[in-house]
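Raw model34.pdb, PDB, C-alpha atoms, pLDDT in the B column:
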```pdb
ATOM      1  CA  MET A   1     -44.006  -0.907 -44.732  1.00 88.00           C
ATOM      2  CA  ARG A   2     -45.144   1.277 -41.833  1.00 92.00           C
ATOM      3  CA  THR A   3     -43.177   1.295 -38.577  1.00 95.00           C
ATOM      4  CA  PHE A   4     -44.551   1.738 -35.068  1.00 94.00           C
ATOM      5  CA  ARG A   5     -41.911   2.734 -32.497  1.00 95.00           C
ATOM      6  CA  SER A   6     -42.325   2.641 -28.746  1.00 94.00           C
ATOM      7  CA  THR A   7     -40.577   2.003 -25.491  1.00 95.00           C
ATOM      8  CA  ILE A   8     -41.968  -0.967 -23.610  1.00 96.00           C
ATOM      9  CA  GLU A   9     -42.407   1.260 -20.554  1.00 97.00           C
ATOM     10  CA  ARG A  10     -45.149   3.260 -22.327  1.00 96.00           C
ATOM     11  CA  ILE A  11     -47.697   0.462 -21.949  1.00 95.00           C
ATOM     12  CA  SER A  12     -48.265   1.645 -18.369  1.00 95.00           C
ATOM     13  CA  ASP A  13     -49.393   5.014 -19.735  1.00 94.00           C
ATOM     14  CA  TRP A  14     -51.702   3.409 -22.276  1.00 92.00           C
ATOM     15  CA  HIS A  15     -53.255   1.019 -19.734  1.00 93.00           C
ATOM     16  CA  PRO A  16     -53.258   2.998 -16.457  1.00 93.00           C
ATOM     17  CA  ARG A  17     -55.753   0.726 -14.697  1.00 93.00           C
ATOM     18  CA  LEU A  18     -53.421  -2.288 -14.962  1.00 94.00           C
ATOM     19  CA  PHE A  19     -50.249  -3.131 -13.012  1.00 97.00           C
ATOM     20  CA  LEU A  20     -47.829  -3.894 -15.827  1.00 97.00           C
ATOM     21  CA  GLU A  21     -44.369  -3.426 -14.339  1.00 97.00           C
ATOM     22  CA  LEU A  22     -43.664  -7.162 -14.265  1.00 96.00           C
ATOM     23  CA  HIS A  23     -44.819  -7.464 -17.882  1.00 97.00           C
ATOM     24  CA  ILE A  24     -42.574  -4.574 -18.901  1.00 97.00           C
ATOM     25  CA  VAL A  25     -39.550  -6.060 -17.169  1.00 97.00           C
ATOM     26  CA  ALA A  26     -40.318  -9.531 -18.528  1.00 97.00           C
ATOM     27  CA  CYS A  27     -40.494  -8.207 -22.074  1.00 96.00           C
ATOM     28  CA  SER A  28     -37.144  -6.501 -21.693  1.00 96.00           C
ATOM     29  CA  SER A  29     -35.736  -9.688 -20.202  1.00 95.00           C
ATOM     30  CA  VAL A  30     -36.756 -11.851 -23.152  1.00 95.00           C
ATOM     31  CA  MET A  31     -35.896  -9.355 -25.882  1.00 93.00           C
ATOM     32  CA  ARG A  32     -32.465  -8.656 -24.391  1.00 90.00           C
ATOM     33  CA  LEU A  33     -31.527 -12.328 -24.628  1.00 88.00           C
ATOM     34  CA  TYR A  34     -31.812 -12.166 -28.415  1.00 87.00           C
ATOM     35  CA  LEU A  35     -31.642  -8.540 -29.551  1.00 81.00           C
ATOM     36  CA  GLN A  36     -30.042  -5.193 -28.864  1.00 83.00           C
ATOM     37  CA  PRO A  37     -32.475  -2.317 -28.410  1.00 84.00           C
ATOM     38  CA  PRO A  38     -34.527  -1.514 -30.315  1.00 92.00           C
ATOM     39  CA  ALA A  39     -35.983  -4.945 -30.975  1.00 93.00           C
ATOM     40  CA  VAL A  40     -37.612  -5.058 -34.407  1.00 94.00           C
ATOM     41  CA  PHE A  41     -40.517  -7.361 -35.208  1.00 94.00           C
ATOM     42  CA  GLU A  42     -42.369  -7.798 -38.480  1.00 95.00           C
ATOM     43  CA  VAL A  43     -46.059  -8.067 -37.615  1.00 94.00           C
ATOM     44  CA  THR A  44     -48.744  -9.464 -39.913  1.00 93.00           C
ATOM     45  CA  CYS A  45     -52.378  -8.729 -39.100  1.00 89.00           C
ATOM     46  CA  GLU A  46     -55.171 -10.886 -40.461  1.00 88.00           C
ATOM     47  CA  ASN A  47     -58.846  -9.943 -40.142  1.00 87.00           C
ATOM     48  CA  ILE A  48     -57.891  -6.785 -38.230  1.00 84.00           C
ATOM     49  CA  VAL A  49     -59.548  -3.432 -38.824  1.00 83.00           C
ATOM     50  CA  SER A  50     -57.124  -0.650 -37.978  1.00 86.00           C
ATOM     51  CA  ASP A  51     -57.275   3.048 -38.775  1.00 86.00           C
ATOM     52  CA  TRP A  52     -53.497   3.183 -38.313  1.00 89.00           C
ATOM     53  CA  LEU A  53     -52.818   0.309 -40.730  1.00 88.00           C
ATOM     54  CA  GLY A  54     -55.443   1.249 -43.273  1.00 88.00           C
ATOM     55  CA  GLU A  55     -55.345  -1.333 -46.065  1.00 89.00           C
ATOM     56  CA  GLU A  56     -51.916  -2.663 -45.099  1.00 90.00           C
ATOM     57  CA  VAL A  57     -51.611  -6.017 -43.348  1.00 91.00           C
ATOM     58  CA  GLN A  58     -47.976  -5.809 -42.238  1.00 93.00           C
ATOM     59  CA  PHE A  59     -45.886  -3.363 -40.253  1.00 94.00           C
ATOM     60  CA  LYS A  60     -42.641  -3.192 -38.312  1.00 96.00           C
ATOM     61  CA  LEU A  61     -42.779  -2.878 -34.546  1.00 95.00           C
ATOM     62  CA  GLU A  62     -39.678  -1.346 -32.938  1.00 95.00           C
ATOM     63  CA  VAL A  63     -39.530  -1.731 -29.175  1.00 96.00           C
ATOM     64  CA  SER A  64     -36.835  -0.255 -26.966  1.00 95.00           C
ATOM     65  CA  TRP A  65     -36.347  -0.207 -23.197  1.00 96.00           C
ATOM     66  CA  SER A  66     -34.433   1.767 -20.596  1.00 95.00           C
ATOM     67  CA  GLU A  67     -31.270   0.760 -18.758  1.00 94.00           C
ATOM     68  CA  GLU A  68     -33.266   0.765 -15.517  1.00 96.00           C
ATOM     69  CA  THR A  69     -35.710  -1.764 -16.970  1.00 96.00           C
ATOM     70  CA  GLU A  70     -32.821  -3.879 -18.228  1.00 93.00           C
ATOM     71  CA  GLU A  71     -31.301  -3.955 -14.734  1.00 95.00           C
ATOM     72  CA  LYS A  72     -34.628  -5.105 -13.316  1.00 96.00           C
ATOM     73  CA  ALA A  73     -34.816  -7.746 -16.059  1.00 95.00           C
ATOM     74  CA  GLU A  74     -31.573  -9.327 -14.894  1.00 94.00           C
ATOM     75  CA  ARG A  75     -32.980  -9.632 -11.366  1.00 96.00           C
ATOM     76  CA  LEU A  76     -36.282 -10.999 -12.678  1.00 96.00           C
ATOM     77  CA  ARG A  77     -34.484 -13.757 -14.618  1.00 94.00           C
ATOM     78  CA  ALA A  78     -32.720 -14.719 -11.393  1.00 95.00           C
ATOM     79  CA  THR A  79     -36.033 -14.838  -9.506  1.00 96.00           C
ATOM     80  CA  ILE A  80     -38.720 -16.326 -11.767  1.00 94.00           C
ATOM     81  CA  GLN A  81     -38.763 -19.353 -14.038  1.00 96.00           C
ATOM     82  CA  THR A  82     -38.552 -18.810 -17.789  1.00 95.00           C
ATOM     83  CA  LYS A  83     -42.086 -19.846 -18.811  1.00 97.00           C
ATOM     84  CA  PRO A  84     -43.983 -17.125 -16.887  1.00 97.00           C
ATOM     85  CA  ILE A  85     -41.444 -14.530 -18.037  1.00 97.00           C
ATOM     86  CA  VAL A  86     -42.054 -15.457 -21.680  1.00 96.00           C
ATOM     87  CA  GLU A  87     -45.838 -15.404 -21.155  1.00 97.00           C
ATOM     88  CA  MET A  88     -45.713 -11.928 -19.578  1.00 97.00           C
ATOM     89  CA  ALA A  89     -43.398 -10.710 -22.351  1.00 96.00           C
ATOM     90  CA  ALA A  90     -45.841 -11.848 -25.034  1.00 95.00           C
ATOM     91  CA  SER A  91     -48.696 -10.117 -23.227  1.00 95.00           C
ATOM     92  CA  SER A  92     -46.725  -6.893 -22.987  1.00 95.00           C
ATOM     93  CA  LEU A  93     -46.241  -6.820 -26.760  1.00 93.00           C
ATOM     94  CA  ALA A  94     -49.997  -7.241 -27.146  1.00 91.00           C
ATOM     95  CA  PHE A  95     -50.457  -4.261 -24.802  1.00 93.00           C
ATOM     96  CA  ILE A  96     -48.382  -2.179 -27.251  1.00 91.00           C
ATOM     97  CA  LEU A  97     -50.751  -3.067 -30.075  1.00 88.00           C
ATOM     98  CA  THR A  98     -53.772  -1.886 -28.110  1.00 83.00           C
ATOM     99  CA  PRO A  99     -54.851   0.913 -28.303  1.00 80.00           C
ATOM    100  CA  ASN A 100     -52.276   2.081 -30.866  1.00 76.00           C
ATOM    101  CA  ILE A 101     -52.786  -0.340 -33.739  1.00 80.00           C
ATOM    102  CA  VAL A 102     -56.096  -1.953 -32.757  1.00 74.00           C
ATOM    103  CA  ASN A 103     -58.563  -0.005 -30.630  1.00 67.00           C
ATOM    104  CA  LEU A 104     -60.488  -2.434 -28.432  1.00 63.00           C
ATOM    105  CA  GLY A 105     -62.330   0.291 -26.544  1.00 61.00           C
ATOM    106  CA  ASN A 106     -62.406   0.376 -22.746  1.00 54.00           C
TER     107      ASN A 106
END
```

Could you express the structure from this file as structure tokens?
Amino acid sequence: MRTFRSTIERISDWHPRLFLELHIVACSSVMRLYLQPPAVFEVTCENIVSDWLGEEVQFKLEVSWSEETEEKAERLRATIQTKPIVEMAASSLAFILTPNIVNLGN
């Protein structure tokens, strides 16, 4: 099974037109509650065309984060309710998949 490794902070580089700091911090906040870095997810793709995946339909996604982001995550949990944090965290993982695994264009 292939493995894609990234820091959550890199999504800002991959999507420079978007303000993603809150998403980055939210993702760290949620992952840290359950996992030590790096967080490892098994991802299954259905009906996805990906040059990176080729014919495979599954891969491992390893996501790590910095201490600075983790410190911000603690403050975010003290500031914002859980539901929007979880929603932003899920979006941030999707931002990792594009453009690396699935290229959606501009």

Task: Distance of atom CA of Ala39 of chain A from atom CA of Arg5 of chain A, expressed in Å to one decimal place - done: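 These atoms are spaced 9.8 Å apart.
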
TODO: Find the residue from A:Met1, A:Ile96, A:Val102, A:Leu22 that sits nearest to Val63 of chain A; use only C-alpha atoms when measuring.
DONE: A:Ile96

TODO: For atom CA of Phe4 of chain A and atom CA of Phe59 of chain A, quote the distance in Å rounded to one decimal.
DONE: 7.4 Å

Open item on the list: Could you tell me, as a PyMOL selection string, exactly which residues end up selected when the PyMOL selection byres ((chain A and resi 2) around 12) is applied to this structure?
Closed with: chain A and resi 1+3-5+41-44+52-62+101

Task: Top pick for closest residue to Thr82 of chain A, considering A:Cys45, A:Ile24, A:Val30, A:Ile11 and counting all atoms listed in the file - done: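 When distances to Thr82 of chain A are compared using all atoms listed in the file, the smallest one comes from A:Val30.
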
Open item on the list: Given only C-alpha atoms as the basis, pick out the residue of A:Val25, A:Met88, A:Leu97, A:Ile80 nearest to Ser66 of chain A.
Closed with: A:Val25

Set up a box along x, y and z of the file covering all listed atoms of segment 28-37 of chain A, add 3 Å on every one of the six sides, and write the centre and edge lengths in Å to one decimal, as JSON.
```
{"center_x": -33.6, "center_y": -7.3, "center_z": -24.9, "size_x": 13.1, "size_y": 16.0, "size_z": 15.3}
```

- [ ] Report the residues retrieved by the PyMOL selection byres ((chain A and resi 68-73) around 9) from the displayed file, expressed as a ChimeraX atom specification.
- [x] /A:9,24-30,32,65-67,74-78

Task: For atom CA of Ser12 of chain A and atom CA of Phe95 of chain A, the interatomic separation in Å (one decimal) - done: 9.0 Å

TODO: Go through the shown structure with the PyMOL selection byres ((chain A and resi 15) around 10) and write out the matching residues as a list in words.
DONE: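 That selection, the PyMOL selection byres ((chain A and resi 15) around 10), comes back as Arg10, Ile11, Ser12, Asp13, Trp14, Pro16, Arg17, Leu18, Phe19, Leu20, Phe95, Ile96, Thr98, Pro99 and Asn106 of chain A.
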
For the residues selected in the previous step, produce a file with C-alpha atoms as a PDB file, in the coordinates of the input.
```pdb
ATOM      1  CA  ARG A  10     -45.149   3.260 -22.327  1.00 96.00           C
ATOM      2  CA  ILE A  11     -47.697   0.462 -21.949  1.00 95.00           C
ATOM      3  CA  SER A  12     -48.265   1.645 -18.369  1.00 95.00           C
ATOM      4  CA  ASP A  13     -49.393   5.014 -19.735  1.00 94.00           C
ATOM      5  CA  TRP A  14     -51.702   3.409 -22.276  1.00 92.00           C
ATOM      6  CA  PRO A  16     -53.258   2.998 -16.457  1.00 93.00           C
ATOM      7  CA  ARG A  17     -55.753   0.726 -14.697  1.00 93.00           C
ATOM      8  CA  LEU A  18     -53.421  -2.288 -14.962  1.00 94.00           C
ATOM      9  CA  PHE A  19     -50.249  -3.131 -13.012  1.00 97.00           C
ATOM     10  CA  LEU A  20     -47.829  -3.894 -15.827  1.00 97.00           C
ATOM     11  CA  PHE A  95     -50.457  -4.261 -24.802  1.00 93.00           C
ATOM     12  CA  ILE A  96     -48.382  -2.179 -27.251  1.00 91.00           C
ATOM     13  CA  THR A  98     -53.772  -1.886 -28.110  1.00 83.00           C
ATOM     14  CA  PRO A  99     -54.851   0.913 -28.303  1.00 80.00           C
ATOM     15  CA  ASN A 106     -62.406   0.376 -22.746  1.00 54.00           C
TER      16      ASN A 106
END
```

Reconstruct N, CA and C atoms of segment 31-43 of chain A; output as a compact mmCIF listing (two decimals), in the frame of the given file.
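part-v9.txt was written with the following content:
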```txt
# COMPACT_ATOMS: atom_id res chain seq x y z
N MET A 31 -36.46 -9.99 -24.69
CA MET A 31 -35.90 -9.36 -25.88
C MET A 31 -34.39 -9.21 -25.77
N ARG A 32 -33.90 -8.89 -24.59
CA ARG A 32 -32.47 -8.66 -24.39
C ARG A 32 -31.65 -9.93 -24.60
N LEU A 33 -32.25 -11.07 -24.41
CA LEU A 33 -31.53 -12.33 -24.63
C LEU A 33 -31.18 -12.53 -26.10
N TYR A 34 -31.97 -11.92 -26.99
CA TYR A 34 -31.81 -12.17 -28.42
C TYR A 34 -31.43 -10.94 -29.23
N LEU A 35 -31.76 -9.75 -28.74
CA LEU A 35 -31.64 -8.54 -29.55
C LEU A 35 -31.07 -7.38 -28.75
N GLN A 36 -30.44 -6.47 -29.44
CA GLN A 36 -30.04 -5.19 -28.86
C GLN A 36 -31.20 -4.22 -29.09
N PRO A 37 -31.40 -3.27 -28.18
CA PRO A 37 -32.48 -2.32 -28.41
C PRO A 37 -32.17 -1.41 -29.61
N PRO A 38 -33.15 -1.06 -30.40
CA PRO A 38 -34.53 -1.51 -30.32
C PRO A 38 -34.70 -2.89 -30.96
N ALA A 39 -35.60 -3.66 -30.39
CA ALA A 39 -35.98 -4.94 -30.98
C ALA A 39 -36.95 -4.64 -32.12
N VAL A 40 -36.76 -5.31 -33.24
CA VAL A 40 -37.61 -5.06 -34.41
C VAL A 40 -38.35 -6.34 -34.76
N PHE A 41 -39.66 -6.23 -34.86
CA PHE A 41 -40.52 -7.36 -35.21
C PHE A 41 -41.30 -7.01 -36.46
N GLU A 42 -41.46 -7.97 -37.35
CA GLU A 42 -42.37 -7.80 -38.48
C GLU A 42 -43.69 -8.44 -38.09
N VAL A 43 -44.75 -7.63 -38.08
CA VAL A 43 -46.06 -8.07 -37.62
C VAL A 43 -47.01 -8.16 -38.81
```
